[in-house]
>>> print(open('coords_32.pdb').read())   # PDB, C-alpha atoms, pLDDT in the B column
ATOM      1  CA  MET V   1       0.226   5.521 -23.199  1.00 80.00           C
ATOM      2  CA  GLU V   2       3.732   4.258 -22.572  1.00 92.00           C
ATOM      3  CA  GLU V   3       4.547   2.168 -19.504  1.00 96.00           C
ATOM      4  CA  LEU V   4       7.093   3.779 -17.170  1.00 97.00           C
ATOM      5  CA  SER V   5       9.118   2.552 -14.227  1.00 98.00           C
ATOM      6  CA  GLY V   6      11.217   4.164 -11.574  1.00 98.00           C
ATOM      7  CA  SER V   7      11.717   4.429  -7.839  1.00 98.00           C
ATOM      8  CA  ALA V   8      11.414   6.834  -4.951  1.00 97.00           C
ATOM      9  CA  ARG V   9      13.002   6.639  -1.522  1.00 96.00           C
ATOM     10  CA  LEU V  10      11.222   5.487   1.629  1.00 95.00           C
ATOM     11  CA  GLY V  11      13.656   5.604   4.526  1.00 92.00           C
ATOM     12  CA  LEU V  12      16.400   3.057   3.789  1.00 94.00           C
ATOM     13  CA  TRP V  13      14.292   1.477   1.020  1.00 96.00           C
ATOM     14  CA  PHE V  14      13.357   2.319  -2.536  1.00 97.00           C
ATOM     15  CA  VAL V  15       9.821   1.893  -3.807  1.00 97.00           C
ATOM     16  CA  HIS V  16       9.915   0.617  -7.398  1.00 98.00           C
ATOM     17  CA  VAL V  17       6.799   1.369  -9.453  1.00 98.00           C
ATOM     18  CA  ARG V  18       5.697   0.181 -12.919  1.00 97.00           C
ATOM     19  CA  TRP V  19       2.937   2.464 -14.156  1.00 97.00           C
ATOM     20  CA  SER V  20       1.236   4.385 -16.956  1.00 95.00           C
ATOM     21  CA  GLY V  21      -0.896   7.503 -16.440  1.00 93.00           C
ATOM     22  CA  THR V  22      -2.925   6.894 -13.268  1.00 92.00           C
ATOM     23  CA  THR V  23      -2.640   3.093 -13.511  1.00 95.00           C
ATOM     24  CA  VAL V  24      -0.101   1.209 -11.403  1.00 96.00           C
ATOM     25  CA  PHE V  25       0.889  -2.305 -12.482  1.00 95.00           C
ATOM     26  CA  GLN V  26       3.488  -3.225  -9.866  1.00 95.00           C
ATOM     27  CA  VAL V  27       4.981  -1.862  -6.651  1.00 97.00           C
ATOM     28  CA  ARG V  28       7.877  -3.510  -4.855  1.00 96.00           C
ATOM     29  CA  PHE V  29      10.469  -2.568  -2.266  1.00 97.00           C
ATOM     30  CA  SER V  30      14.218  -2.796  -2.813  1.00 96.00           C
ATOM     31  CA  LYS V  31      17.476  -1.707  -1.204  1.00 96.00           C
ATOM     32  CA  SER V  32      18.706  -0.338  -4.548  1.00 97.00           C
ATOM     33  CA  PRO V  33      17.248   2.423  -6.734  1.00 96.00           C
ATOM     34  CA  LEU V  34      15.682   2.025 -10.153  1.00 96.00           C
ATOM     35  CA  PRO V  35      16.185   5.040 -12.431  1.00 96.00           C
ATOM     36  CA  GLY V  36      13.055   6.663 -13.770  1.00 97.00           C
ATOM     37  CA  PRO V  37       9.920   8.451 -12.591  1.00 97.00           C
ATOM     38  CA  VAL V  38       7.151   7.340 -10.255  1.00 97.00           C
ATOM     39  CA  PRO V  39       3.564   8.627 -10.256  1.00 97.00           C
ATOM     40  CA  PRO V  40       3.319  12.092  -8.665  1.00 96.00           C
ATOM     41  CA  LEU V  41       0.746  10.879  -6.118  1.00 95.00           C
ATOM     42  CA  ILE V  42       3.154   8.185  -4.879  1.00 97.00           C
ATOM     43  CA  GLN V  43       5.995  10.748  -4.745  1.00 96.00           C
ATOM     44  CA  GLN V  44       3.816  13.018  -2.621  1.00 95.00           C
ATOM     45  CA  TYR V  45       2.772  10.125  -0.364  1.00 96.00           C
ATOM     46  CA  LEU V  46       6.375   9.004   0.197  1.00 95.00           C
ATOM     47  CA  ALA V  47       7.345  12.628   0.922  1.00 93.00           C
ATOM     48  CA  GLY V  48       4.888  12.563   3.832  1.00 90.00           C
ATOM     49  CA  ARG V  49       1.978  14.483   2.340  1.00 90.00           C
ATOM     50  CA  PRO V  50      -1.494  13.210   3.334  1.00 86.00           C
ATOM     51  CA  VAL V  51      -2.473  11.843  -0.069  1.00 91.00           C
ATOM     52  CA  ASP V  52      -3.722   8.314  -0.560  1.00 91.00           C
ATOM     53  CA  PRO V  53      -2.182   6.139  -3.301  1.00 93.00           C
ATOM     54  CA  ALA V  54      -5.242   3.865  -2.933  1.00 90.00           C
ATOM     55  CA  SER V  55      -7.011   6.350  -5.217  1.00 90.00           C
ATOM     56  CA  LEU V  56      -4.806   5.303  -8.167  1.00 93.00           C
ATOM     57  CA  ASP V  57      -6.061   2.730 -10.661  1.00 92.00           C
ATOM     58  CA  VAL V  58      -4.775  -0.833 -10.465  1.00 91.00           C
ATOM     59  CA  GLY V  59      -3.461  -2.523 -13.605  1.00 85.00           C
ATOM     60  CA  THR V  60      -4.804  -5.854 -14.758  1.00 75.00           C
ATOM     61  CA  PHE V  61      -3.571  -8.867 -12.844  1.00 72.00           C
ATOM     62  CA  PRO V  62      -5.338 -12.176 -12.287  1.00 64.00           C
ATOM     63  CA  PRO V  63      -6.516 -12.190  -8.655  1.00 65.00           C
ATOM     64  CA  GLY V  64      -8.658 -15.079  -7.563  1.00 69.00           C
ATOM     65  CA  GLU V  65     -12.259 -14.346  -6.632  1.00 70.00           C
ATOM     66  CA  HIS V  66     -11.447 -14.228  -2.907  1.00 74.00           C
ATOM     67  CA  ASP V  67      -8.346 -12.078  -3.458  1.00 89.00           C
ATOM     68  CA  ALA V  68     -10.374  -9.558  -5.484  1.00 90.00           C
ATOM     69  CA  ALA V  69     -12.933  -9.236  -2.656  1.00 92.00           C
ATOM     70  CA  VAL V  70     -10.126  -8.812  -0.116  1.00 95.00           C
ATOM     71  CA  TYR V  71      -8.374  -6.184  -2.262  1.00 95.00           C
ATOM     72  CA  ARG V  72     -11.626  -4.202  -2.644  1.00 94.00           C
ATOM     73  CA  GLU V  73     -12.088  -4.157   1.149  1.00 96.00           C
ATOM     74  CA  VAL V  74      -8.473  -3.233   1.865  1.00 97.00           C
ATOM     75  CA  ARG V  75      -8.701  -0.259  -0.515  1.00 95.00           C
ATOM     76  CA  LYS V  76     -11.555   1.071   1.647  1.00 96.00           C
ATOM     77  CA  ILE V  77      -9.361   1.359   4.774  1.00 96.00           C
ATOM     78  CA  PRO V  78      -8.818   5.126   5.196  1.00 94.00           C
ATOM     79  CA  TYR V  79      -5.422   6.819   5.279  1.00 93.00           C
ATOM     80  CA  GLY V  80      -3.994   6.637   8.791  1.00 92.00           C
ATOM     81  CA  SER V  81      -6.377   3.853   9.873  1.00 95.00           C
ATOM     82  CA  THR V  82      -6.024   0.107  10.230  1.00 96.00           C
ATOM     83  CA  ALA V  83      -8.250  -2.962  10.180  1.00 98.00           C
ATOM     84  CA  THR V  84      -7.451  -6.442  11.457  1.00 98.00           C
ATOM     85  CA  TYR V  85      -7.152  -9.487   9.228  1.00 97.00           C
ATOM     86  CA  GLY V  86     -10.365 -10.729  10.874  1.00 97.00           C
ATOM     87  CA  GLU V  87     -12.265  -7.494  10.172  1.00 98.00           C
ATOM     88  CA  VAL V  88     -11.244  -7.539   6.508  1.00 98.00           C
ATOM     89  CA  ALA V  89     -12.107 -11.236   6.287  1.00 97.00           C
ATOM     90  CA  GLY V  90     -15.590 -10.616   7.685  1.00 97.00           C
ATOM     91  CA  ARG V  91     -16.284  -7.859   5.174  1.00 97.00           C
ATOM     92  CA  ALA V  92     -14.833  -9.888   2.265  1.00 96.00           C
ATOM     93  CA  GLY V  93     -16.590 -13.142   3.202  1.00 95.00           C
ATOM     94  CA  THR V  94     -13.438 -15.165   3.741  1.00 95.00           C
ATOM     95  CA  ALA V  95     -11.065 -16.272   6.511  1.00 96.00           C
ATOM     96  CA  PRO V  96      -8.315 -14.195   8.172  1.00 96.00           C
ATOM     97  CA  ARG V  97      -5.648 -16.594   6.851  1.00 95.00           C
ATOM     98  CA  ALA V  98      -6.950 -16.021   3.300  1.00 95.00           C
ATOM     99  CA  VAL V  99      -6.603 -12.262   3.850  1.00 96.00           C
ATOM    100  CA  GLY V 100      -2.967 -12.752   4.885  1.00 94.00           C
ATOM    101  CA  GLN V 101      -2.302 -14.868   1.802  1.00 94.00           C
ATOM    102  CA  ALA V 102      -3.922 -12.269  -0.457  1.00 94.00           C
ATOM    103  CA  MET V 103      -1.787  -9.548   1.143  1.00 94.00           C
ATOM    104  CA  ARG V 104       1.350 -11.630   0.521  1.00 92.00           C
ATOM    105  CA  ARG V 105       0.385 -11.891  -3.194  1.00 92.00           C
ATOM    106  CA  ASN V 106      -0.516  -8.187  -3.491  1.00 93.00           C
ATOM    107  CA  PRO V 107       1.289  -6.881  -6.611  1.00 93.00           C
ATOM    108  CA  VAL V 108       0.657  -3.215  -5.792  1.00 95.00           C
ATOM    109  CA  PRO V 109       1.242  -2.441  -2.105  1.00 95.00           C
ATOM    110  CA  LEU V 110       0.517   1.228  -1.307  1.00 95.00           C
ATOM    111  CA  VAL V 111      -2.205   1.226  -4.003  1.00 95.00           C
ATOM    112  CA  ILE V 112      -3.836  -1.760  -2.295  1.00 96.00           C
ATOM    113  CA  PRO V 113      -2.622  -0.584   1.127  1.00 96.00           C
ATOM    114  CA  CYS V 114      -1.866  -3.935   2.762  1.00 95.00           C
ATOM    115  CA  HIS V 115       0.227  -2.160   5.407  1.00 96.00           C
ATOM    116  CA  ARG V 116      -3.102  -1.012   6.911  1.00 97.00           C
ATOM    117  CA  VAL V 117      -4.105  -4.620   7.655  1.00 97.00           C
ATOM    118  CA  VAL V 118      -2.826  -5.604  11.094  1.00 97.00           C
ATOM    119  CA  SER V 119      -2.880  -8.558  13.413  1.00 94.00           C
ATOM    120  CA  ARG V 120      -5.179  -8.582  16.411  1.00 92.00           C
ATOM    121  CA  SER V 121      -2.091  -8.776  18.622  1.00 91.00           C
ATOM    122  CA  GLY V 122       0.244  -6.398  16.796  1.00 85.00           C
ATOM    123  CA  ARG V 123       1.251  -5.155  13.393  1.00 86.00           C
ATOM    124  CA  GLY V 124       1.660  -8.490  11.627  1.00 86.00           C
ATOM    125  CA  GLY V 125       3.986  -9.280   8.764  1.00 85.00           C
ATOM    126  CA  PHE V 126       5.002  -7.412   5.632  1.00 86.00           C
ATOM    127  CA  THR V 127       7.145  -8.445   2.683  1.00 84.00           C
ATOM    128  CA  PRO V 128      10.067  -7.867   2.347  1.00 89.00           C
ATOM    129  CA  ASP V 129      10.464  -6.405   5.863  1.00 92.00           C
ATOM    130  CA  PRO V 130       7.908  -5.681   8.643  1.00 92.00           C
ATOM    131  CA  GLU V 131       9.787  -2.447   9.412  1.00 94.00           C
ATOM    132  CA  ILE V 132       8.417  -1.005   6.155  1.00 95.00           C
ATOM    133  CA  LYS V 133       4.904  -1.586   7.492  1.00 96.00           C
ATOM    134  CA  ALA V 134       5.819   0.167  10.732  1.00 95.00           C
ATOM    135  CA  LEU V 135       7.332   3.093   8.825  1.00 95.00           C
ATOM    136  CA  LEU V 136       4.231   3.515   6.614  1.00 96.00           C
ATOM    137  CA  LEU V 137       1.753   3.241   9.505  1.00 95.00           C
ATOM    138  CA  ASP V 138       3.728   5.675  11.669  1.00 94.00           C
ATOM    139  CA  MET V 139       4.006   8.151   8.783  1.00 94.00           C
ATOM    140  CA  GLU V 140       0.258   7.996   8.089  1.00 94.00           C
ATOM    141  CA  ARG V 141      -0.711   8.381  11.755  1.00 91.00           C
ATOM    142  CA  LYS V 142       1.627  11.338  12.230  1.00 90.00           C
ATOM    143  CA  ASN V 143       0.444  13.068   9.064  1.00 87.00           C
ATOM    144  CA  ARG V 144      -3.197  12.330   9.752  1.00 81.00           C
ATOM    145  CA  ARG V 145      -2.906  14.306  13.003  1.00 74.00           C
ATOM    146  CA  ARG V 146      -0.627  16.960  11.503  1.00 71.00           C
ATOM    147  CA  PHE V 147      -2.889  17.699   8.547  1.00 65.00           C
ATOM    148  CA  HIS V 148      -6.148  17.027  10.393  1.00 60.00           C
ATOM    149  CA  CYS V 149      -7.256  14.333   7.964  1.00 55.00           C
ATOM    150  CA  VAL V 150     -10.694  12.881   8.594  1.00 50.00           C
ATOM    151  CA  ASP V 151     -12.319   9.665   7.407  1.00 48.00           C
ATOM    152  CA  LYS V 152     -14.532   9.910   4.377  1.00 43.00           C
TER     153      LYS V 152
END
>>> encode(input="coords_32.pdb", output="structure tokens")
Amino acid sequence: MEELSGSARLGLWFVHVRWSGTTVFQVRFSKSPLPGPVPPLIQQYLAGRPVDPASLDVGTFPPGEHDAAVYREVRKIPYGSTATYGEVAGRAGTAPRAVGQAMRRNPVPLVIPCHRVVSRSGRGGFTPDPEIKALLLDMERKNRRRFHCVDK
């Protein structure tokens, strides 16, 4: 299957996606658009529908052993919910700082929903701009209530 790339709008940002079929290889945020399609599930998510891009497959990338454990745990955080860096660290068998570093290296945000990992004292950081994290969390919380989503 051929690899595709394109972008969809998220507020003032564009979400660039490299993908093929149901596999996503890279997600990044930019101020400028990239022509081409994005996976339908990500389009629906960015349009505010209560679908979870974490159900998409992740392309091959070389995470370290600790990063892989962190990414598995982060993918389990339900739509519209959050977990602290410490909670994820406890479940992944690592330290909160290691969780933050893994999130910073995450090649596929939205699919590995690092925006759902928050600081004990607030939202925490997000690359390239913490306002993206706020926008995603607010959208999920609003839609979770609106569409009566429940945890699995």
>>> resolve_selection(input="coords_32.pdb", expression="the PyMOL selection byres ((chain V and resi 108) around 9)", output="PDB file with C-alpha atoms, keeping the file's coordinate frame")
ATOM      1  CA  VAL V  17       6.799   1.369  -9.453  1.00 98.00           C
ATOM      2  CA  VAL V  24      -0.101   1.209 -11.403  1.00 96.00           C
ATOM      3  CA  PHE V  25       0.889  -2.305 -12.482  1.00 95.00           C
ATOM      4  CA  GLN V  26       3.488  -3.225  -9.866  1.00 95.00           C
ATOM      5  CA  VAL V  27       4.981  -1.862  -6.651  1.00 97.00           C
ATOM      6  CA  ARG V  28       7.877  -3.510  -4.855  1.00 96.00           C
ATOM      7  CA  VAL V  58      -4.775  -0.833 -10.465  1.00 91.00           C
ATOM      8  CA  GLY V  59      -3.461  -2.523 -13.605  1.00 85.00           C
ATOM      9  CA  ASN V 106      -0.516  -8.187  -3.491  1.00 93.00           C
ATOM     10  CA  PRO V 107       1.289  -6.881  -6.611  1.00 93.00           C
ATOM     11  CA  PRO V 109       1.242  -2.441  -2.105  1.00 95.00           C
ATOM     12  CA  LEU V 110       0.517   1.228  -1.307  1.00 95.00           C
ATOM     13  CA  VAL V 111      -2.205   1.226  -4.003  1.00 95.00           C
ATOM     14  CA  ILE V 112      -3.836  -1.760  -2.295  1.00 96.00           C
ATOM     15  CA  PRO V 113      -2.622  -0.584   1.127  1.00 96.00           C
ATOM     16  CA  CYS V 114      -1.866  -3.935   2.762  1.00 95.00           C
TER      17      CYS V 114
END
>>> resolve_selection(input="coords_32.pdb", expression="the PyMOL selection byres ((chain V and resi 3-15) around 7)", output="ChimeraX atom specification")
/V:1-2,16-20,27-38,43,46
>>> residues_around(input="coords_32.pdb", residues="segment 119-123 of chain V", least_positions_apart="4", cutoff="10 Å", atoms="all atoms listed in the file", output="PyMOL selection string")
chain V and resi 82-87+96+100+115+130-131+133-134+137
>>> atom_distance(input="coords_32.pdb", atom1="atom CA of Pro50 of chain V", atom2="atom CA of Leu136 of chain V")
11.7 Å
>>> closest_residue(input="coords_32.pdb", among="V:Gly80, V:Gly90, V:Phe61, V:Arg75", to="Arg49 of chain V", atoms="all atoms listed in the file")
V:Gly80
>>> closest_residue(input="coords_32.pdb", among="V:Arg105, V:Arg97, V:Lys76, V:His66", to="Pro53 of chain V", atoms="all atoms listed in the file")
V:Lys76
>>> closest_residue(input="coords_32.pdb", among="V:Leu135, V:Leu41, V:Ala54, V:Val88", to="Val117 of chain V", atoms="all atoms listed in the file")
V:Val88
>>> build_atoms(input="coords_32.pdb", residues="segment 11-25 of chain V", atoms="N, CA and C atoms", output="mmCIF file, in the frame of the given file")
data_model
loop_
_atom_site.group_PDB
_atom_site.id
_atom_site.type_symbol
_atom_site.label_atom_id
_atom_site.label_comp_id
_atom_site.auth_asym_id
_atom_site.auth_seq_id
_atom_site.Cartn_x
_atom_site.Cartn_y
_atom_site.Cartn_z
ATOM 1 N N GLY V 11 12.676 5.955 3.497
ATOM 2 C CA GLY V 11 13.656 5.604 4.526
ATOM 3 C C GLY V 11 14.881 4.977 3.886
ATOM 4 N N LEU V 12 15.241 3.768 4.338
ATOM 5 C CA LEU V 12 16.400 3.057 3.789
ATOM 6 C C LEU V 12 16.045 2.239 2.554
ATOM 7 N N TRP V 13 14.796 2.284 2.136
ATOM 8 C CA TRP V 13 14.292 1.477 1.020
ATOM 9 C C TRP V 13 14.007 2.345 -0.195
ATOM 10 N N PHE V 14 13.852 1.682 -1.324
ATOM 11 C CA PHE V 14 13.357 2.319 -2.536
ATOM 12 C C PHE V 14 12.061 1.623 -2.922
ATOM 13 N N VAL V 15 11.099 2.415 -3.350
ATOM 14 C CA VAL V 15 9.821 1.893 -3.807
ATOM 15 C C VAL V 15 9.857 1.926 -5.332
ATOM 16 N N HIS V 16 9.912 0.737 -5.941
ATOM 17 C CA HIS V 16 9.915 0.617 -7.398
ATOM 18 C C HIS V 16 8.478 0.554 -7.883
ATOM 19 N N VAL V 17 8.169 1.305 -8.929
ATOM 20 C CA VAL V 17 6.799 1.369 -9.453
ATOM 21 C C VAL V 17 6.830 1.207 -10.969
ATOM 22 N N ARG V 18 5.976 0.299 -11.480
ATOM 23 C CA ARG V 18 5.697 0.181 -12.919
ATOM 24 C C ARG V 18 4.315 0.762 -13.129
ATOM 25 N N TRP V 19 4.187 1.729 -14.047
ATOM 26 C CA TRP V 19 2.937 2.464 -14.156
ATOM 27 C C TRP V 19 2.764 3.127 -15.517
ATOM 28 N N SER V 20 1.557 3.615 -15.763
ATOM 29 C CA SER V 20 1.236 4.385 -16.956
ATOM 30 C C SER V 20 0.045 5.282 -16.620
ATOM 31 N N GLY V 21 0.188 6.578 -16.773
ATOM 32 C CA GLY V 21 -0.896 7.503 -16.440
ATOM 33 C C GLY V 21 -1.249 7.417 -14.966
ATOM 34 N N THR V 22 -2.503 7.066 -14.667
ATOM 35 C CA THR V 22 -2.925 6.894 -13.268
ATOM 36 C C THR V 22 -3.066 5.419 -12.903
ATOM 37 N N THR V 23 -2.543 4.530 -13.754
ATOM 38 C CA THR V 23 -2.640 3.093 -13.511
ATOM 39 C C THR V 23 -1.296 2.548 -13.054
ATOM 40 N N VAL V 24 -1.311 1.815 -11.949
ATOM 41 C CA VAL V 24 -0.101 1.209 -11.403
ATOM 42 C C VAL V 24 -0.198 -0.296 -11.615
ATOM 43 N N PHE V 25 0.856 -0.874 -12.177
ATOM 44 C CA PHE V 25 0.889 -2.305 -12.482
ATOM 45 C C PHE V 25 1.657 -3.117 -11.443
#
